[in-house]
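One file, start_29.csv, is given below (CSV, C-alpha atoms).
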```csv
chain,number,residue,atom,x,y,z
A,201,MET,CA,55.5,130.9,137.5
A,202,LYS,CA,58.6,132.3,136.0
A,203,ALA,CA,60.3,129.0,136.3
A,204,THR,CA,57.6,127.3,134.1
A,205,ARG,CA,57.9,130.0,131.5
A,206,GLY,CA,61.6,129.4,131.4
A,207,ARG,CA,61.2,125.7,130.9
A,208,GLU,CA,58.7,126.3,128.1
A,209,ALA,CA,61.0,128.7,126.4
A,210,ALA,CA,63.9,126.2,126.7
A,211,THR,CA,61.8,123.4,125.2
A,212,MET,CA,60.7,125.7,122.4
A,213,LYS,CA,64.3,126.4,121.5
A,214,ASP,CA,65.2,122.7,121.6
A,215,LYS,CA,62.3,122.0,119.2
A,216,LYS,CA,63.4,124.7,116.8
A,217,GLU,CA,67.0,123.4,116.8
A,218,ALA,CA,65.8,119.9,116.3
A,219,LYS,CA,63.9,120.9,113.2
A,220,LYS,CA,66.9,122.6,111.6
A,221,PRO,CA,69.1,120.3,109.5
A,222,ALA,CA,72.8,120.1,110.3
A,223,GLU,CA,74.7,122.8,108.5
A,224,ASN,CA,77.2,120.6,106.7
A,225,LYS,CA,74.6,118.0,105.8
A,226,VAL,CA,73.0,118.3,102.4
A,227,VAL,CA,69.3,117.6,102.6
A,228,GLY,CA,67.3,116.3,99.6
A,229,LYS,CA,70.3,116.1,97.2
A,230,ARG,CA,69.0,113.0,95.4
A,231,LYS,CA,65.5,114.3,95.1
A,232,ALA,CA,66.5,117.6,93.7
A,233,ALA,CA,68.8,115.9,91.1
A,234,SER,CA,66.1,113.5,90.0
A,235,ARG,CA,63.6,116.3,89.7
A,236,ALA,CA,66.0,118.2,87.5
A,237,ASP,CA,66.6,115.2,85.3
A,238,LYS,CA,62.9,114.5,84.9
A,239,SER,CA,62.1,118.1,83.9
A,240,ASP,CA,65.0,118.1,81.4
A,241,ARG,CA,63.7,114.9,79.8
A,242,LYS,CA,60.2,116.3,79.6
A,243,ARG,CA,61.5,119.4,77.8
A,244,ALA,CA,63.5,117.3,75.4
A,245,LYS,CA,60.5,115.2,74.6
A,246,ASN,CA,58.3,118.3,74.0
A,247,ILE,CA,61.0,119.8,71.7
A,248,ALA,CA,61.5,116.6,69.8
A,249,SER,CA,57.8,116.0,69.3
A,250,SER,CA,57.1,119.5,68.2
A,251,THR,CA,59.9,119.5,65.7
A,252,ASN,CA,58.9,116.1,64.2
A,253,LYS,CA,55.4,117.1,63.3
A,254,ASP,CA,54.6,117.2,59.6
A,255,PRO,CA,52.4,120.1,58.5
A,256,ASN,CA,51.2,118.1,55.5
A,257,LYS,CA,49.8,115.3,57.7
A,258,PRO,CA,46.0,115.2,57.7
A,259,LYS,CA,44.3,116.3,60.9
A,260,ARG,CA,42.2,113.8,62.8
A,261,PRO,CA,38.4,114.1,62.2
A,262,ALA,CA,36.0,115.5,64.7
A,263,THR,CA,33.9,113.1,66.9
A,264,ALA,CA,30.1,113.1,66.9
A,265,PHE,CA,30.1,115.4,69.9
A,266,PHE,CA,32.3,118.0,68.2
A,267,VAL,CA,30.2,117.8,65.0
A,268,PHE,CA,27.2,118.6,67.2
A,269,MET,CA,29.1,121.4,69.0
A,270,GLU,CA,29.8,123.1,65.6
A,271,GLU,CA,26.1,123.5,65.0
A,272,PHE,CA,25.2,124.1,68.7
A,273,ARG,CA,27.7,127.1,69.0
A,274,THR,CA,26.0,129.1,66.2
A,275,SER,CA,22.5,128.5,67.6
A,276,TYR,CA,23.6,129.2,71.2
A,277,LYS,CA,25.2,132.5,70.2
A,278,GLN,CA,22.1,133.6,68.4
A,279,GLU,CA,19.9,132.8,71.4
A,280,HIS,CA,22.3,134.3,73.9
A,281,PRO,CA,24.2,137.2,72.3
A,282,LYS,CA,25.4,138.7,75.6
A,283,VAL,CA,27.2,135.5,76.7
A,284,LYS,CA,30.8,135.8,75.7
A,285,ALA,CA,32.4,133.0,77.9
A,286,ILE,CA,33.5,130.0,75.9
A,287,SER,CA,33.1,127.8,79.0
A,288,ALA,CA,29.4,128.7,79.2
A,289,VAL,CA,28.8,127.5,75.6
A,290,GLY,CA,30.7,124.3,76.3
A,291,LYS,CA,28.8,123.5,79.5
A,292,ALA,CA,25.5,124.2,77.8
A,293,GLY,CA,26.4,122.0,74.8
A,294,GLY,CA,27.6,119.2,77.1
A,295,GLU,CA,24.4,119.2,79.1
A,296,LYS,CA,22.3,119.2,75.9
A,297,TRP,CA,24.4,116.3,74.4
A,298,LYS,CA,23.9,114.2,77.6
A,299,SER,CA,20.1,114.8,77.6
A,300,MET,CA,19.8,113.9,73.9
A,301,SER,CA,18.6,110.4,72.9
A,302,ASN,CA,20.5,108.1,70.6
A,303,ALA,CA,18.0,108.8,67.8
A,304,GLU,CA,18.8,112.6,68.1
A,305,LYS,CA,22.5,111.9,68.1
A,306,ALA,CA,22.4,109.6,65.1
A,307,PRO,CA,22.8,112.3,62.4
A,308,TYR,CA,25.9,113.6,64.1
A,309,LYS,CA,27.3,110.1,64.4
A,310,VAL,CA,26.8,109.6,60.7
A,311,LYS,CA,28.6,112.8,59.8
A,312,ALA,CA,31.5,111.8,62.1
A,313,THR,CA,31.8,108.4,60.4
A,314,GLU,CA,31.8,110.1,57.0
A,315,ARG,CA,34.6,112.4,58.2
A,316,LYS,CA,36.5,109.4,59.6
A,317,SER,CA,36.3,107.5,56.3
A,318,GLU,CA,37.6,110.5,54.4
A,319,TYR,CA,40.4,110.9,57.0
A,320,GLU,CA,41.4,107.2,56.6
A,321,LYS,CA,41.6,107.7,52.8
A,322,LEU,CA,43.8,110.8,53.2
A,323,MET,CA,46.0,109.0,55.7
A,324,ALA,CA,46.5,106.0,53.3
A,325,ALA,CA,47.5,108.4,50.6
A,326,TYR,CA,49.8,110.3,53.0
A,327,ASN,CA,51.5,107.1,54.2
A,328,LYS,CA,52.1,105.9,50.6
A,329,LYS,CA,53.6,109.3,49.8
A,330,GLN,CA,55.8,109.1,52.9
A,331,GLU,CA,57.0,105.6,52.0
A,332,SER,CA,57.9,106.6,48.5
A,333,SER,CA,59.8,109.7,49.7
A,334,ASP,CA,61.7,107.6,52.3
A,335,ASP,CA,62.7,105.2,49.6
A,336,GLU,CA,64.0,108.1,47.5
A,337,ASP,CA,65.9,109.5,50.4
A,338,GLU,CA,67.5,106.1,51.1
A,339,ALA,CA,68.5,105.8,47.4
A,340,GLU,CA,70.0,109.3,47.5
A,341,SER,CA,71.9,108.6,50.6
A,342,GLU,CA,73.3,105.4,49.2
A,343,SER,CA,74.4,107.2,46.0
A,344,SER,CA,76.0,109.9,48.0
A,345,LYS,CA,77.9,107.3,50.0
A,346,ASP,CA,79.1,105.7,46.8
A,347,ASP,CA,80.3,109.1,45.5
A,348,GLU,CA,82.2,109.8,48.7
A,349,GLU,CA,83.9,106.4,48.5
A,350,SER,CA,85.0,107.0,44.9
A,351,GLU,CA,86.4,110.4,45.9
A,352,ASP,CA,88.3,108.8,48.7
A,353,ASP,CA,89.8,106.3,46.3
A,354,ASP,CA,91.1,109.1,44.0
```

How would this structure read if it were set down as structure tokens?
Amino acid sequence: MKATRGREAATMKDKKEAKKPAENKVVGKRKAASRADKSDRKRAKNIASSTNKDPNKPKRPATAFFVFMEEFRTSYKQEHPKVKAISAVGKAGGEKWKSMSNAEKAPYKVKATERKSEYEKLMAAYNKKQESSDDEDEAESESSKDDEESEDDD
């Protein structure tokens, strides 16, 4: 019996040694490098997108469901004052929205379309303002280039 135990122990050692990578061999070098590159790119995108946001840009309007939820939250909190979890309110609102008929959803859809039309008007005005400011910036940059060239000539 001792002989079999010895064989088992020897095979276990062989298995452990086989699983270990060679000491001088670098394992996963390419994967680690590509992962680092991807994470750096994601961070750069997040930083760039957050710095380019204009605080004067109009916010997108709420959909019909969110218009419904604005009203539903107040009524739900009055009916269930002990419930403090936001998730419970959201789940209850979602279930009620799914159970509503199209006729019941119609007033919320009308309000959402009104908000969307207002948003489109605001965006049109915002875009015009942006275009005019871009034109002014280009004119200023061209005049500053002309000034620099004239200074170089002197």

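The gap separating atom CA of A:Pro261 from atom CA of A:Lys329 is 20.2 Å, in Å to one decimal.
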
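With all atoms listed in the file as the basis for measurement, A:Glu270 is the residue among A:Glu270, A:Glu279, A:Glu331, A:Glu318 that approaches A:Gly293 most closely.
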
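Between atom CA of A:Lys298 and atom CA of A:Val267 lies a distance of 14.5 Å.
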
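In this model, the gap between atom CA of A:Asp254 and atom CA of A:Asp337 comes to 16.5 Å.
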
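With distances restricted to all atoms listed in the file, A:Val289 is the closest residue to A:Met269 from A:Val283, A:Val289, A:Ala324, A:Val310.
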
Can you pull out every residue within 12 Å of A:His280, counting all atoms listed in the file, but drop anything in the same chain fewer than 6 positions away, and send it as a ChimeraX atom specification? /A:272-274,288-289,292

Output file for the residues above (C-alpha atoms, as a tab-separated table (two decimals), in the frame of the given file):
```tsv
chain	number	residue	atom	x	y	z
A	272	PHE	CA	25.20	124.10	68.70
A	273	ARG	CA	27.70	127.10	69.00
A	274	THR	CA	26.00	129.10	66.20
A	288	ALA	CA	29.40	128.70	79.20
A	289	VAL	CA	28.80	127.50	75.60
A	292	ALA	CA	25.50	124.20	77.80
```

Distance query A:Ala262 at most 9 Å, all atoms listed in the file, self and fewer than 3 positions along chain excluded, as a PyMOL selection string: chain A and resi 265-267+312+315-316

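Nearest to A:Gly294 of all the residues A:Asp335, A:Phe268, A:Pro281, A:Pro307 is A:Phe268, counting only C-alpha atoms.
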
My structure is short of atoms at stretch 287-298 of chain A; please model N, CA, C and O atoms there, returning them as a compact mmCIF listing (two decimals), keeping the file's coordinate frame.
```txt
# COMPACT_ATOMS: atom_id res chain seq x y z
N SER A 287 33.40 128.92 78.06
CA SER A 287 33.10 127.80 79.00
C SER A 287 31.56 127.67 79.13
O SER A 287 31.06 126.55 79.27
N ALA A 288 30.82 128.76 79.08
CA ALA A 288 29.40 128.70 79.20
C ALA A 288 28.76 127.95 78.01
O ALA A 288 27.84 127.12 78.17
N VAL A 289 29.28 128.21 76.82
CA VAL A 289 28.80 127.50 75.60
C VAL A 289 29.12 126.03 75.71
O VAL A 289 28.28 125.18 75.40
N GLY A 290 30.32 125.72 76.15
CA GLY A 290 30.70 124.30 76.30
C GLY A 290 29.89 123.56 77.29
O GLY A 290 29.49 122.42 77.04
N LYS A 291 29.64 124.20 78.43
CA LYS A 291 28.80 123.50 79.50
C LYS A 291 27.40 123.31 78.98
O LYS A 291 26.83 122.24 79.18
N ALA A 292 26.83 124.31 78.33
CA ALA A 292 25.50 124.20 77.80
C ALA A 292 25.41 123.08 76.76
O ALA A 292 24.47 122.27 76.72
N GLY A 293 26.40 123.03 75.89
CA GLY A 293 26.40 122.00 74.80
C GLY A 293 26.60 120.62 75.43
O GLY A 293 25.96 119.66 74.98
N GLY A 294 27.45 120.49 76.44
CA GLY A 294 27.60 119.20 77.10
C GLY A 294 26.37 118.70 77.76
O GLY A 294 26.03 117.51 77.68
N GLU A 295 25.67 119.61 78.43
CA GLU A 295 24.40 119.20 79.10
C GLU A 295 23.37 118.79 78.06
O GLU A 295 22.66 117.81 78.27
N LYS A 296 23.29 119.53 76.97
CA LYS A 296 22.30 119.20 75.90
C LYS A 296 22.65 117.83 75.31
O LYS A 296 21.77 117.00 75.06
N TRP A 297 23.94 117.59 75.04
CA TRP A 297 24.40 116.30 74.40
C TRP A 297 24.03 115.15 75.35
O TRP A 297 23.57 114.10 74.89
N LYS A 298 24.22 115.31 76.65
CA LYS A 298 23.90 114.20 77.60
C LYS A 298 22.40 113.97 77.64
O LYS A 298 21.98 112.82 77.81
```
